[in-house]
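File shown: target11.cif. Contents: mmCIF, C-alpha atoms.
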```
data_protein
#
loop_
_atom_site.label_atom_id
_atom_site.label_comp_id
_atom_site.auth_asym_id
_atom_site.auth_seq_id
_atom_site.Cartn_x
_atom_site.Cartn_y
_atom_site.Cartn_z
CA MET A 19 -26.82 -10.05 -6.95
CA GLU A 20 -30.27 -9.99 -8.52
CA ARG A 21 -31.80 -9.37 -5.12
CA ILE A 22 -30.26 -5.88 -5.03
CA ARG A 23 -31.99 -4.90 -8.26
CA LEU A 24 -35.27 -6.12 -6.78
CA LEU A 25 -34.76 -4.76 -3.26
CA SER A 26 -38.07 -3.68 -1.77
CA ASP A 27 -38.58 -0.75 0.62
CA VAL A 28 -35.94 1.26 -1.24
CA ASP A 29 -36.58 3.92 -3.89
CA PRO A 30 -35.56 3.16 -7.49
CA GLU A 31 -32.62 5.60 -7.53
CA THR A 32 -31.12 4.06 -4.40
CA ARG A 33 -31.55 0.61 -5.96
CA GLU A 34 -29.64 1.83 -9.03
CA ARG A 35 -26.81 3.10 -6.87
CA LEU A 36 -26.59 -0.12 -4.86
CA ALA A 37 -26.77 -2.30 -7.99
CA PHE A 38 -23.99 -0.24 -9.61
CA LEU A 39 -21.79 -0.61 -6.52
CA ALA A 40 -22.41 -4.36 -6.42
CA VAL A 41 -21.61 -4.89 -10.11
CA THR A 42 -18.48 -2.74 -10.08
CA HIS A 43 -16.91 -4.76 -7.25
CA ALA A 44 -15.91 -6.98 -10.19
CA LEU A 45 -12.84 -4.74 -10.60
CA CYS A 46 -11.38 -7.17 -8.03
CA GLY A 47 -11.46 -9.78 -10.79
CA VAL A 48 -9.27 -7.80 -13.21
CA SER A 49 -5.61 -8.90 -13.09
CA ARG A 50 -2.78 -6.52 -13.89
CA ARG A 51 0.84 -7.15 -14.94
CA ASN A 52 2.25 -5.97 -11.62
CA THR A 53 2.37 -8.38 -8.73
CA VAL A 54 1.74 -7.73 -5.04
CA LEU A 55 4.87 -7.19 -2.93
CA ASP A 56 5.64 -10.85 -2.23
CA GLY A 57 5.23 -11.76 -5.91
CA SER A 58 2.64 -14.44 -5.08
CA ARG A 59 -0.08 -13.15 -7.43
CA SER A 60 -1.10 -10.32 -9.76
CA GLU A 61 -2.28 -7.03 -8.38
CA THR A 62 -6.00 -6.52 -9.09
CA GLY A 63 -7.57 -3.47 -10.69
CA ALA A 64 -9.29 -2.63 -7.42
CA GLU A 65 -6.00 -2.76 -5.49
CA HIS A 66 -4.28 -0.58 -8.07
CA SER A 67 -7.14 1.93 -7.87
CA TRP A 68 -6.72 2.21 -4.09
CA HIS A 69 -2.94 2.45 -4.24
CA VAL A 70 -3.02 5.16 -6.90
CA ALA A 71 -5.37 7.12 -4.64
CA LEU A 72 -2.93 6.72 -1.75
CA CYS A 73 -0.10 7.87 -4.05
CA ALA A 74 -2.09 11.00 -4.83
CA VAL A 75 -2.70 11.68 -1.13
CA VAL A 76 1.00 11.24 -0.30
CA LEU A 77 2.55 12.95 -3.34
CA GLY A 78 -0.05 15.69 -3.77
CA PRO A 79 1.09 18.04 -0.99
CA ALA A 80 4.67 18.16 -2.29
CA PHE A 81 4.22 17.80 -6.04
CA ALA A 82 0.79 19.22 -6.79
CA PRO A 83 -0.19 21.56 -3.95
CA SER A 84 -2.46 23.65 -6.19
CA VAL A 85 -4.65 20.83 -7.54
CA ASP A 86 -8.04 19.92 -6.09
CA LEU A 87 -7.09 16.61 -4.47
CA GLY A 88 -10.71 15.66 -3.86
CA ARG A 89 -11.43 15.87 -7.58
CA VAL A 90 -8.31 13.80 -8.30
CA LEU A 91 -9.49 11.13 -5.85
CA GLN A 92 -12.96 11.02 -7.40
CA MET A 93 -11.42 10.49 -10.84
CA LEU A 94 -9.13 7.77 -9.54
CA ALA A 95 -11.99 5.91 -7.84
CA LEU A 96 -13.66 5.65 -11.27
CA HIS A 97 -10.76 5.54 -13.68
CA ASP A 98 -10.41 1.79 -14.15
CA LEU A 99 -14.08 0.78 -13.99
CA PRO A 100 -14.18 0.19 -17.78
CA GLU A 101 -11.67 -2.65 -17.27
CA ILE A 102 -14.54 -4.65 -15.77
CA VAL A 103 -15.85 -4.81 -19.33
CA VAL A 104 -12.71 -4.47 -21.46
CA GLY A 105 -10.05 -6.05 -19.18
CA ASP A 106 -6.63 -4.59 -18.44
CA THR A 107 -4.66 -3.40 -21.45
CA PRO A 108 -1.01 -2.88 -20.43
CA ALA A 109 0.49 0.51 -21.19
CA TYR A 110 3.45 -1.42 -22.61
CA ASP A 111 1.40 -2.40 -25.66
CA ALA A 112 0.85 0.84 -27.59
CA GLY A 113 -1.18 -0.78 -30.39
CA ALA A 114 -3.57 -2.54 -28.03
CA ARG A 115 -3.89 0.63 -25.89
CA ALA A 116 -5.00 2.67 -28.92
CA VAL A 117 -7.80 0.19 -29.63
CA ALA A 118 -8.70 -0.12 -25.95
CA VAL A 119 -9.21 3.61 -25.37
CA ALA A 120 -12.36 3.80 -27.49
CA ARG A 121 -13.77 0.60 -25.98
CA GLU A 122 -13.03 1.86 -22.46
CA ARG A 123 -14.71 5.18 -23.24
CA GLN A 124 -17.87 3.37 -24.36
CA ALA A 125 -17.79 1.00 -21.39
CA ALA A 126 -17.52 3.94 -18.98
CA ARG A 127 -20.50 5.61 -20.65
CA GLU A 128 -22.64 2.50 -20.33
CA LEU A 129 -21.61 1.71 -16.74
CA LEU A 130 -22.07 5.24 -15.44
CA ALA A 131 -25.39 5.69 -17.26
CA GLN A 132 -26.85 3.34 -14.63
CA LEU A 133 -26.48 6.10 -12.03
CA PRO A 134 -28.62 9.18 -11.36
CA GLU A 135 -25.39 11.25 -11.56
CA GLY A 136 -24.28 9.41 -14.72
CA PRO A 137 -23.77 12.54 -16.83
CA GLU A 138 -21.65 14.30 -14.19
CA LEU A 139 -19.54 11.22 -13.50
CA ASP A 140 -19.14 10.51 -17.22
CA ALA A 141 -17.90 14.08 -17.66
CA LEU A 142 -15.40 13.49 -14.85
CA TYR A 143 -14.21 10.29 -16.54
CA ALA A 144 -13.89 12.18 -19.86
CA GLU A 145 -11.88 14.91 -18.13
CA PHE A 146 -9.52 12.19 -16.87
CA VAL A 147 -8.96 10.40 -20.19
CA GLU A 148 -8.69 13.66 -22.14
CA GLU A 149 -6.11 14.96 -19.63
CA ALA A 150 -8.11 18.15 -19.85
CA THR A 151 -7.30 19.83 -16.52
CA ASP A 152 -4.49 20.00 -13.97
CA GLU A 153 -6.42 17.52 -11.83
CA ALA A 154 -6.70 15.09 -14.77
CA ARG A 155 -3.03 15.51 -15.70
CA PHE A 156 -1.81 14.89 -12.15
CA ALA A 157 -4.17 11.90 -11.79
CA ASN A 158 -2.89 10.41 -15.07
CA ALA A 159 0.73 10.98 -14.07
CA VAL A 160 0.25 9.21 -10.74
CA ASP A 161 -1.67 6.39 -12.47
CA ARG A 162 1.43 5.79 -14.64
CA LEU A 163 3.94 6.27 -11.84
CA GLN A 164 2.32 3.73 -9.49
CA PRO A 165 3.24 0.62 -11.53
CA ILE A 166 6.84 1.79 -11.91
CA LEU A 167 7.06 2.34 -8.15
CA LEU A 168 5.51 -1.07 -7.49
CA HIS A 169 7.87 -2.82 -9.91
CA SER A 170 10.73 -1.18 -8.01
CA ALA A 171 9.26 -2.25 -4.67
CA CYS A 172 9.18 -5.82 -6.06
CA ASP A 173 12.89 -5.48 -6.95
CA GLY A 174 12.05 -5.52 -10.64
CA ALA A 175 11.17 -9.24 -10.61
CA ALA A 176 8.40 -8.97 -13.23
CA TRP A 177 10.59 -6.76 -15.45
CA ARG A 178 13.42 -9.29 -15.35
CA LYS A 179 11.05 -12.18 -16.00
CA ARG A 180 9.77 -10.61 -19.21
CA ALA A 181 13.09 -9.10 -20.29
CA GLN A 182 11.66 -5.59 -20.19
CA GLY A 183 13.48 -3.12 -22.46
CA ARG A 184 14.67 0.23 -21.16
CA THR A 185 13.35 2.21 -24.14
CA LYS A 186 9.72 1.60 -23.16
CA LEU A 187 10.41 2.79 -19.63
CA ASP A 188 12.03 5.94 -20.99
CA GLU A 189 8.81 6.57 -22.94
CA PHE A 190 6.83 6.29 -19.70
CA VAL A 191 9.17 8.73 -17.97
CA ALA A 192 8.72 11.16 -20.87
CA LYS A 193 4.93 10.83 -20.71
CA ILE A 194 4.83 11.37 -16.94
CA THR A 195 7.19 14.34 -17.28
CA ASP A 196 4.91 15.79 -19.95
CA LEU A 197 1.79 15.26 -17.86
CA TRP A 198 3.20 16.56 -14.59
CA PRO A 199 6.80 17.82 -14.77
CA PRO A 200 7.53 17.74 -11.01
CA LEU A 201 7.05 13.94 -11.03
CA GLY A 202 9.56 13.45 -13.86
CA PRO A 203 12.83 13.36 -11.90
CA LEU A 204 11.73 10.80 -9.32
CA THR A 205 10.31 8.54 -12.04
CA ALA A 206 13.57 8.83 -13.97
CA ALA A 207 15.50 7.96 -10.79
CA LEU A 208 13.42 4.79 -10.28
CA VAL A 209 14.09 3.70 -13.87
CA GLU A 210 17.79 4.55 -13.71
CA GLU A 211 18.16 2.53 -10.53
CA ALA A 212 16.35 -0.45 -12.11
CA GLN A 213 18.75 -0.29 -15.05
CA ARG A 214 21.74 -0.08 -12.74
CA ARG A 215 20.54 -3.19 -10.89
CA GLY A 216 20.12 -5.16 -14.08
CA ASP A 217 16.30 -5.37 -14.17
CA LEU A 218 15.99 -3.83 -17.64
CA ILE A 219 17.44 -4.82 -21.01
CA ASP A 220 19.32 -1.87 -22.48
CA ASP A 221 17.73 -1.66 -25.91
CA ARG A 222 18.44 2.04 -26.39
CA VAL A 223 19.80 2.99 -29.78
CA ALA A 224 23.17 4.64 -29.34
CA MET B 25 12.22 -2.79 -1.57
CA GLU B 26 15.45 -1.71 0.10
CA ARG B 27 16.50 0.02 -3.11
CA ILE B 28 13.76 2.62 -2.68
CA ARG B 29 15.10 3.64 0.72
CA LEU B 30 18.55 4.01 -0.84
CA LEU B 31 17.44 5.63 -4.10
CA SER B 32 20.06 8.10 -5.31
CA ASP B 33 19.32 11.35 -7.16
CA VAL B 34 16.20 11.89 -5.08
CA ASP B 35 15.88 14.12 -2.03
CA PRO B 36 15.32 12.46 1.38
CA GLU B 37 11.67 13.58 1.72
CA THR B 38 10.78 12.11 -1.67
CA ARG B 39 12.52 8.88 -0.68
CA GLU B 40 10.40 8.77 2.49
CA ARG B 41 7.23 9.21 0.47
CA LEU B 42 8.17 6.51 -2.04
CA ALA B 43 9.26 4.09 0.70
CA PHE B 44 5.98 4.66 2.55
CA LEU B 45 3.98 3.98 -0.61
CA ALA B 46 5.97 0.81 -1.30
CA VAL B 47 5.54 -0.56 2.22
CA THR B 48 1.84 0.21 2.43
CA HIS B 49 1.06 -1.76 -0.73
CA ALA B 50 1.06 -4.64 1.78
CA LEU B 51 -2.62 -3.82 2.45
CA CYS B 52 -3.13 -6.17 -0.53
CA GLY B 53 -1.97 -8.96 1.79
CA VAL B 54 -4.67 -8.38 4.42
CA SER B 55 -7.65 -10.74 4.00
CA ARG B 56 -11.14 -9.78 5.09
CA ARG B 57 -14.21 -11.88 5.90
CA ASN B 58 -16.08 -10.82 2.77
CA THR B 59 -15.37 -12.60 -0.48
CA VAL B 60 -15.15 -11.16 -3.99
CA LEU B 61 -18.32 -11.51 -6.08
CA ASP B 62 -17.67 -15.02 -7.40
CA GLY B 63 -16.82 -16.29 -3.91
CA SER B 64 -13.44 -17.62 -5.06
CA ARG B 65 -11.34 -15.80 -2.44
CA SER B 66 -11.41 -13.22 0.35
CA GLU B 67 -11.59 -9.54 -0.44
CA THR B 68 -8.32 -7.78 0.46
CA GLY B 69 -7.96 -4.66 2.59
CA ALA B 70 -6.79 -2.72 -0.48
CA GLU B 71 -9.85 -3.78 -2.49
CA HIS B 72 -12.18 -2.85 0.36
CA SER B 73 -10.49 0.55 0.65
CA TRP B 74 -11.10 1.25 -3.05
CA HIS B 75 -14.69 0.01 -2.97
CA VAL B 76 -15.55 2.09 0.09
CA ALA B 77 -14.20 5.13 -1.76
CA LEU B 78 -16.40 4.31 -4.75
CA CYS B 79 -19.37 3.90 -2.39
CA ALA B 80 -18.69 7.40 -1.04
CA VAL B 81 -18.51 8.84 -4.57
CA VAL B 82 -21.79 7.17 -5.58
CA LEU B 83 -23.77 7.66 -2.35
CA GLY B 84 -22.39 11.08 -1.42
CA PRO B 85 -24.42 13.24 -3.82
CA ALA B 86 -27.73 11.79 -2.60
CA PHE B 87 -27.07 11.03 1.04
CA ALA B 88 -24.40 13.50 2.11
CA PRO B 89 -24.46 16.46 -0.28
CA SER B 90 -23.10 18.85 2.33
CA VAL B 91 -19.95 16.89 3.28
CA ASP B 92 -16.52 17.59 1.80
CA LEU B 93 -16.21 14.46 -0.34
CA GLY B 94 -12.50 15.08 -0.99
CA ARG B 95 -11.81 14.93 2.72
CA VAL B 96 -13.89 11.75 3.02
CA LEU B 97 -11.87 10.15 0.22
CA GLN B 98 -8.55 11.11 1.82
CA MET B 99 -9.68 9.50 5.09
CA LEU B 100 -10.81 6.35 3.31
CA ALA B 101 -7.51 6.01 1.41
CA LEU B 102 -5.75 5.86 4.80
CA HIS B 103 -8.32 4.28 7.07
CA ASP B 104 -7.22 0.64 6.92
CA LEU B 105 -3.43 1.14 6.73
CA PRO B 106 -3.01 0.02 10.37
CA GLU B 107 -4.28 -3.43 9.33
CA ILE B 108 -0.92 -3.92 7.62
CA VAL B 109 0.48 -4.15 11.15
CA VAL B 110 -2.50 -5.38 13.19
CA GLY B 111 -4.44 -7.46 10.63
CA ASP B 112 -8.18 -7.29 9.99
CA THR B 113 -10.36 -7.43 13.11
CA PRO B 114 -13.95 -8.16 12.07
CA ALA B 115 -16.60 -5.76 13.30
CA TYR B 116 -18.57 -8.87 14.32
CA ASP B 117 -16.19 -9.47 17.24
CA ALA B 118 -16.86 -6.62 19.69
CA GLY B 119 -14.29 -7.77 22.25
CA ALA B 120 -11.48 -8.11 19.71
CA ARG B 121 -12.43 -4.77 18.13
CA ALA B 122 -12.08 -2.95 21.47
CA VAL B 123 -8.54 -4.28 21.87
CA ALA B 124 -7.69 -3.64 18.23
CA VAL B 125 -8.66 0.04 18.26
CA ALA B 126 -5.74 1.07 20.49
CA ARG B 127 -3.28 -1.08 18.52
CA GLU B 128 -4.54 0.36 15.23
CA ARG B 129 -4.22 3.90 16.56
CA GLN B 130 -0.59 3.25 17.50
CA ALA B 131 0.15 1.55 14.17
CA ALA B 132 -1.28 4.52 12.27
CA ARG B 133 0.88 6.89 14.27
CA GLU B 134 4.04 4.92 13.52
CA LEU B 135 3.27 4.39 9.83
CA LEU B 136 2.31 8.00 9.13
CA ALA B 137 5.28 9.36 11.10
CA GLN B 138 7.43 8.19 8.17
CA LEU B 139 5.95 10.99 6.03
CA PRO B 140 6.74 14.71 5.94
CA GLU B 141 2.98 15.35 6.36
CA GLY B 142 2.77 12.76 9.14
CA PRO B 143 1.18 15.08 11.73
CA GLU B 144 -1.53 16.30 9.32
CA LEU B 145 -2.35 12.80 8.11
CA ASP B 146 -2.34 11.40 11.63
CA ALA B 147 -4.81 14.12 12.59
CA LEU B 148 -6.98 13.09 9.65
CA TYR B 149 -6.82 9.45 10.78
CA ALA B 150 -7.73 10.52 14.34
CA GLU B 151 -10.68 12.53 13.00
CA PHE B 152 -11.87 9.35 11.26
CA VAL B 153 -11.61 6.99 14.23
CA GLU B 154 -13.03 9.54 16.65
CA GLU B 155 -15.99 10.15 14.31
CA ALA B 156 -15.34 13.78 15.11
CA THR B 157 -16.84 15.54 12.07
CA ASP B 158 -19.58 15.04 9.49
CA GLU B 159 -16.92 13.86 7.05
CA ALA B 160 -15.65 11.27 9.55
CA ARG B 161 -19.16 10.12 10.43
CA PHE B 162 -20.19 9.66 6.79
CA ALA B 163 -16.88 7.88 6.04
CA ASN B 164 -17.40 5.51 8.98
CA ALA B 165 -20.99 4.83 7.98
CA VAL B 166 -19.98 3.93 4.41
CA ASP B 167 -17.09 1.80 5.74
CA ARG B 168 -19.66 -0.26 7.68
CA LEU B 169 -22.26 -0.32 4.92
CA GLN B 170 -19.87 -1.64 2.24
CA PRO B 171 -19.47 -5.16 3.71
CA ILE B 172 -23.24 -5.50 4.17
CA LEU B 173 -23.77 -4.48 0.54
CA LEU B 174 -21.07 -6.90 -0.60
CA HIS B 175 -22.53 -9.77 1.43
CA SER B 176 -25.87 -9.05 -0.27
CA ALA B 177 -24.19 -8.94 -3.69
CA CYS B 178 -22.73 -12.39 -2.90
CA ASP B 179 -26.25 -13.62 -2.09
CA GLY B 180 -25.35 -13.93 1.57
CA ALA B 181 -23.12 -17.00 0.99
CA ALA B 182 -20.57 -16.12 3.69
CA TRP B 183 -23.35 -15.28 6.16
CA ARG B 184 -25.04 -18.64 5.57
CA LYS B 185 -21.74 -20.48 5.83
CA ARG B 186 -21.03 -19.09 9.28
CA ALA B 187 -24.64 -19.15 10.49
CA GLN B 188 -24.66 -15.40 11.00
CA GLY B 189 -27.18 -14.19 13.58
CA ARG B 190 -29.62 -11.39 12.79
CA THR B 191 -29.03 -9.55 16.10
CA LYS B 192 -25.48 -8.57 15.17
CA LEU B 193 -26.68 -7.20 11.85
CA ASP B 194 -29.33 -5.15 13.63
CA GLU B 195 -26.53 -3.67 15.77
CA PHE B 196 -24.69 -2.65 12.59
CA VAL B 197 -27.84 -1.04 11.20
CA ALA B 198 -28.25 0.87 14.46
CA LYS B 199 -24.61 2.04 14.37
CA ILE B 200 -24.86 3.17 10.74
CA THR B 201 -28.14 4.93 11.48
CA ASP B 202 -26.51 6.68 14.42
CA LEU B 203 -23.47 7.73 12.36
CA TRP B 204 -25.39 8.89 9.30
CA PRO B 205 -29.17 8.65 9.56
CA PRO B 206 -29.93 8.92 5.83
CA LEU B 207 -28.06 5.63 5.24
CA GLY B 208 -30.11 3.78 7.86
CA PRO B 209 -33.17 2.78 5.81
CA LEU B 210 -31.25 1.28 2.91
CA THR B 211 -29.00 -0.69 5.27
CA ALA B 212 -32.08 -1.96 7.12
CA ALA B 213 -33.62 -2.97 3.79
CA LEU B 214 -30.52 -5.01 2.83
CA VAL B 215 -30.60 -6.84 6.17
CA GLU B 216 -34.37 -7.43 6.04
CA GLU B 217 -34.04 -8.89 2.55
CA ALA B 218 -31.19 -11.17 3.71
CA GLN B 219 -33.39 -12.42 6.56
CA ARG B 220 -36.31 -12.97 4.19
CA ARG B 221 -34.08 -15.06 1.90
CA GLY B 222 -32.83 -17.20 4.78
CA ASP B 223 -29.24 -15.97 4.96
CA LEU B 224 -29.42 -15.02 8.64
CA ILE B 225 -30.27 -16.99 11.74
CA ASP B 226 -33.08 -15.27 13.62
CA ASP B 227 -31.58 -15.01 17.12
CA ARG B 228 -33.61 -11.98 18.14
CA VAL B 229 -35.13 -12.14 21.58
CA ALA B 230 -38.88 -11.80 21.29
#
```
Conversion result in structure tokens:
Amino acid sequence: MERIRLLSDVDPETRERLAFLAVTHALCGVSRRNTVLDGSRSETGAEHSWHVALCAVVLGPAFAPSVDLGRVLQMLALHDLPEIVVGDTPAYDAGARAVAVARERQAARELLAQLPEGPELDALYAEFVEEATDEARFANAVDRLQPILLHSACDGAAWRKRAQGRTKLDEFVAKITDLWPPLGPLTAALVEEAQRRGDLIDDRVA
Amino acid sequence: MERIRLLSDVDPETRERLAFLAVTHALCGVSRRNTVLDGSRSETGAEHSWHVALCAVVLGPAFAPSVDLGRVLQMLALHDLPEIVVGDTPAYDAGARAVAVARERQAARELLAQLPEGPELDALYAEFVEEATDEARFANAVDRLQPILLHSACDGAAWRKRAQGRTKLDEFVAKITDLWPPLGPLTAALVEEAQRRGDLIDDRVA
């Protein structure tokens, strides 16, 4: 790794870019709560980042035709880089998420500052976490939809294993609906089907 | 998985999109010849796809300011989907690559035909493999640069293990230089440094 920082015959800015790209490959070492399709291991942060991008490419034309998809994809390529420093903090844990947000913000600032375009990319990251634009809101909605879709594709195995309550899933549906209303109904349908198949504990207050 | 194809309360086109996204998560099950940074396992096709996208985001502003980065990122999100069907065919094996290209083209056609935007996305995939536009040429160049960068970041361990010859790397440098000349010098510098550090067997004919 050190060799890239010391690479000769390359200008300092290019070295910074290459060193940043080498270091950030570590997102492959961040484990998430979802598994891959065959359940054999956890999905990694890098795999999630790719699959969310693919979700945006496939869902964008129908559900967000007016957003700048290229800007969405740039955000999504960056959005989980802070987890290299902070680790994955599941959306299921609201208390831990609140603490993690500030740490992730700082980690993004420090990581991106290594790049010549650090300020622009940090502004793009801020736009994403602040849900400040249509692009950021769609990107956030897809980022939250992807794990629900993947849990469904894994027949809810991880949900059943941890006795996942329905109420928390309803909160996710509400958040996705708030971020990007057209994605609400399909998310609700995935959750309703999981409930019907017995993957979720019905902890809703009557 | 089957539940997504049968999902009620969702229109047929949305079901197709969700089923496609579920099936294609299998790119996480495709192993490549590169390892992750700590050398503990192979990089997956999904991880490579994300990291190539990040490379495009980071290298684009300096080396390809005139290309449509959004289009590049859409291509890169799709570009390795055929490996779900065909598996990874290393660029090091020219004979196997020639056979694989036709199989990958067919696999892309069949996979993307499951989507309402199948024709448009298949055209985008074709643009990529035919290196038909500046966007496709930059995307292909970055796709070939990423493994060289990752090998360097892993201190050339996988190259040393398989007694990698220098000549093949010089061919990659030539191909990247042909696809996108501004990326040639930095690729050449990575290979030269690997040679200097003893990662590559010098099989060049004098």
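One distance worth recording is that between CA of Leu169 in chain B and CA of Asp161 in chain A, which is 27.8 Å.
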Applying the PyMOL selection byres ((chain B) within 6 of (chain A)) to the file I just gave you, which residues come out? Please list them as a list in words.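 In the shown coordinates, the PyMOL selection byres ((chain B) within 6 of (chain A)) covers Met25, Ala46, Ala70, Glu71, Trp74, Leu78, Gly94, Ala101 and Ala177 of chain B.
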Apply the PyMOL selection byres ((chain B and resi 108-113) around 12) to the displayed file and report the matching residues as a VMD selection string. chain B and resid 47 to 58 66 to 70 72 102 to 107 114 to 135
Between CA of Ala157 in chain A and CA of Ala163 in chain B lies a distance of 22.3 Å
Fewer than 5 positions away in the same chain doesn't count, so skip those; otherwise give me all residues within 8 Å of Phe156 in chain A, counting all atoms listed in the file, as a VMD selection string. chain A and resid 82 90 197 to 198
Prev. selection, C-alpha atoms, output as a compact mmCIF listing (two decimals), in the frame of the given file:
```
# COMPACT_ATOMS: atom_id res chain seq x y z
CA ALA A 82 0.79 19.22 -6.79
CA VAL A 90 -8.31 13.80 -8.30
CA LEU A 197 1.79 15.26 -17.86
CA TRP A 198 3.20 16.56 -14.59
```
Contacts of Glu148 in chain A at 12 Å or less, counting all atoms listed in the file, minus same-chain residues fewer than 2 places along, as a ChimeraX atom specification? /A:97,119-120,123,140-146,150-155,157-158,197
Go ahead and save the residues from that selection, with C-alpha atoms, as a PDB file, in the coordinates of the input.
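Final output, selection.pdb:
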```
ATOM      1  CA  HIS A  97     -10.760   5.540 -13.680  1.00  0.00           C
ATOM      2  CA  VAL A 119      -9.210   3.610 -25.370  1.00  0.00           C
ATOM      3  CA  ALA A 120     -12.360   3.800 -27.490  1.00  0.00           C
ATOM      4  CA  ARG A 123     -14.710   5.180 -23.240  1.00  0.00           C
ATOM      5  CA  ASP A 140     -19.140  10.510 -17.220  1.00  0.00           C
ATOM      6  CA  ALA A 141     -17.900  14.080 -17.660  1.00  0.00           C
ATOM      7  CA  LEU A 142     -15.400  13.490 -14.850  1.00  0.00           C
ATOM      8  CA  TYR A 143     -14.210  10.290 -16.540  1.00  0.00           C
ATOM      9  CA  ALA A 144     -13.890  12.180 -19.860  1.00  0.00           C
ATOM     10  CA  GLU A 145     -11.880  14.910 -18.130  1.00  0.00           C
ATOM     11  CA  PHE A 146      -9.520  12.190 -16.870  1.00  0.00           C
ATOM     12  CA  ALA A 150      -8.110  18.150 -19.850  1.00  0.00           C
ATOM     13  CA  THR A 151      -7.300  19.830 -16.520  1.00  0.00           C
ATOM     14  CA  ASP A 152      -4.490  20.000 -13.970  1.00  0.00           C
ATOM     15  CA  GLU A 153      -6.420  17.520 -11.830  1.00  0.00           C
ATOM     16  CA  ALA A 154      -6.700  15.090 -14.770  1.00  0.00           C
ATOM     17  CA  ARG A 155      -3.030  15.510 -15.700  1.00  0.00           C
ATOM     18  CA  ALA A 157      -4.170  11.900 -11.790  1.00  0.00           C
ATOM     19  CA  ASN A 158      -2.890  10.410 -15.070  1.00  0.00           C
ATOM     20  CA  LEU A 197       1.790  15.260 -17.860  1.00  0.00           C
TER      21      LEU A 197
END
```
Could you jot down the CA of Asp227 in chain B to CA of Gly189 in chain B separation for me, Å, one decimal place? 5.7 Å
Since the input is missing atoms for range 169-181 of chain A, could you rebuild it with N, CA and C atoms and give the result as a PDB file, in the frame of the given file?
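Result saved to out_39.pdb:
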```pdb
ATOM      1  N   HIS A 169       6.827  -1.953  -9.352  1.00  0.00           N
ATOM      2  CA  HIS A 169       7.870  -2.820  -9.910  1.00  0.00           C
ATOM      3  C   HIS A 169       9.170  -2.652  -9.115  1.00  0.00           C
ATOM      4  N   SER A 170       9.512  -1.418  -8.779  1.00  0.00           N
ATOM      5  CA  SER A 170      10.730  -1.180  -8.010  1.00  0.00           C
ATOM      6  C   SER A 170      10.642  -1.808  -6.627  1.00  0.00           C
ATOM      7  N   ALA A 171       9.458  -1.671  -6.004  1.00  0.00           N
ATOM      8  CA  ALA A 171       9.260  -2.250  -4.670  1.00  0.00           C
ATOM      9  C   ALA A 171       9.354  -3.762  -4.712  1.00  0.00           C
ATOM     10  N   CYS A 172       9.059  -4.353  -5.874  1.00  0.00           N
ATOM     11  CA  CYS A 172       9.180  -5.820  -6.060  1.00  0.00           C
ATOM     12  C   CYS A 172      10.555  -6.164  -6.624  1.00  0.00           C
ATOM     13  N   ASP A 173      11.521  -5.263  -6.474  1.00  0.00           N
ATOM     14  CA  ASP A 173      12.890  -5.480  -6.950  1.00  0.00           C
ATOM     15  C   ASP A 173      12.950  -5.863  -8.431  1.00  0.00           C
ATOM     16  N   GLY A 174      11.997  -5.340  -9.185  1.00  0.00           N
ATOM     17  CA  GLY A 174      12.050  -5.520 -10.640  1.00  0.00           C
ATOM     18  C   GLY A 174      11.834  -6.946 -11.122  1.00  0.00           C
ATOM     19  N   ALA A 175      11.286  -7.815 -10.254  1.00  0.00           N
ATOM     20  CA  ALA A 175      11.170  -9.240 -10.610  1.00  0.00           C
ATOM     21  C   ALA A 175      10.384  -9.449 -11.913  1.00  0.00           C
ATOM     22  N   ALA A 176       9.237  -8.766 -12.037  1.00  0.00           N
ATOM     23  CA  ALA A 176       8.400  -8.970 -13.230  1.00  0.00           C
ATOM     24  C   ALA A 176       9.092  -8.409 -14.477  1.00  0.00           C
ATOM     25  N   TRP A 177       9.833  -7.322 -14.310  1.00  0.00           N
ATOM     26  CA  TRP A 177      10.590  -6.760 -15.450  1.00  0.00           C
ATOM     27  C   TRP A 177      11.643  -7.765 -15.925  1.00  0.00           C
ATOM     28  N   ARG A 178      12.370  -8.334 -14.973  1.00  0.00           N
ATOM     29  CA  ARG A 178      13.420  -9.290 -15.350  1.00  0.00           C
ATOM     30  C   ARG A 178      12.811 -10.513 -16.027  1.00  0.00           C
ATOM     31  N   LYS A 179      11.691 -10.966 -15.472  1.00  0.00           N
ATOM     32  CA  LYS A 179      11.050 -12.180 -16.000  1.00  0.00           C
ATOM     33  C   LYS A 179      10.660 -11.995 -17.473  1.00  0.00           C
ATOM     34  N   ARG A 180      10.187 -10.782 -17.816  1.00  0.00           N
ATOM     35  CA  ARG A 180       9.770 -10.610 -19.210  1.00  0.00           C
ATOM     36  C   ARG A 180      10.800  -9.849 -20.033  1.00  0.00           C
ATOM     37  N   ALA A 181      12.002  -9.756 -19.546  1.00  0.00           N
ATOM     38  CA  ALA A 181      13.090  -9.100 -20.290  1.00  0.00           C
ATOM     39  C   ALA A 181      12.652  -7.722 -20.798  1.00  0.00           C
TER      40      ALA A 181
END
```
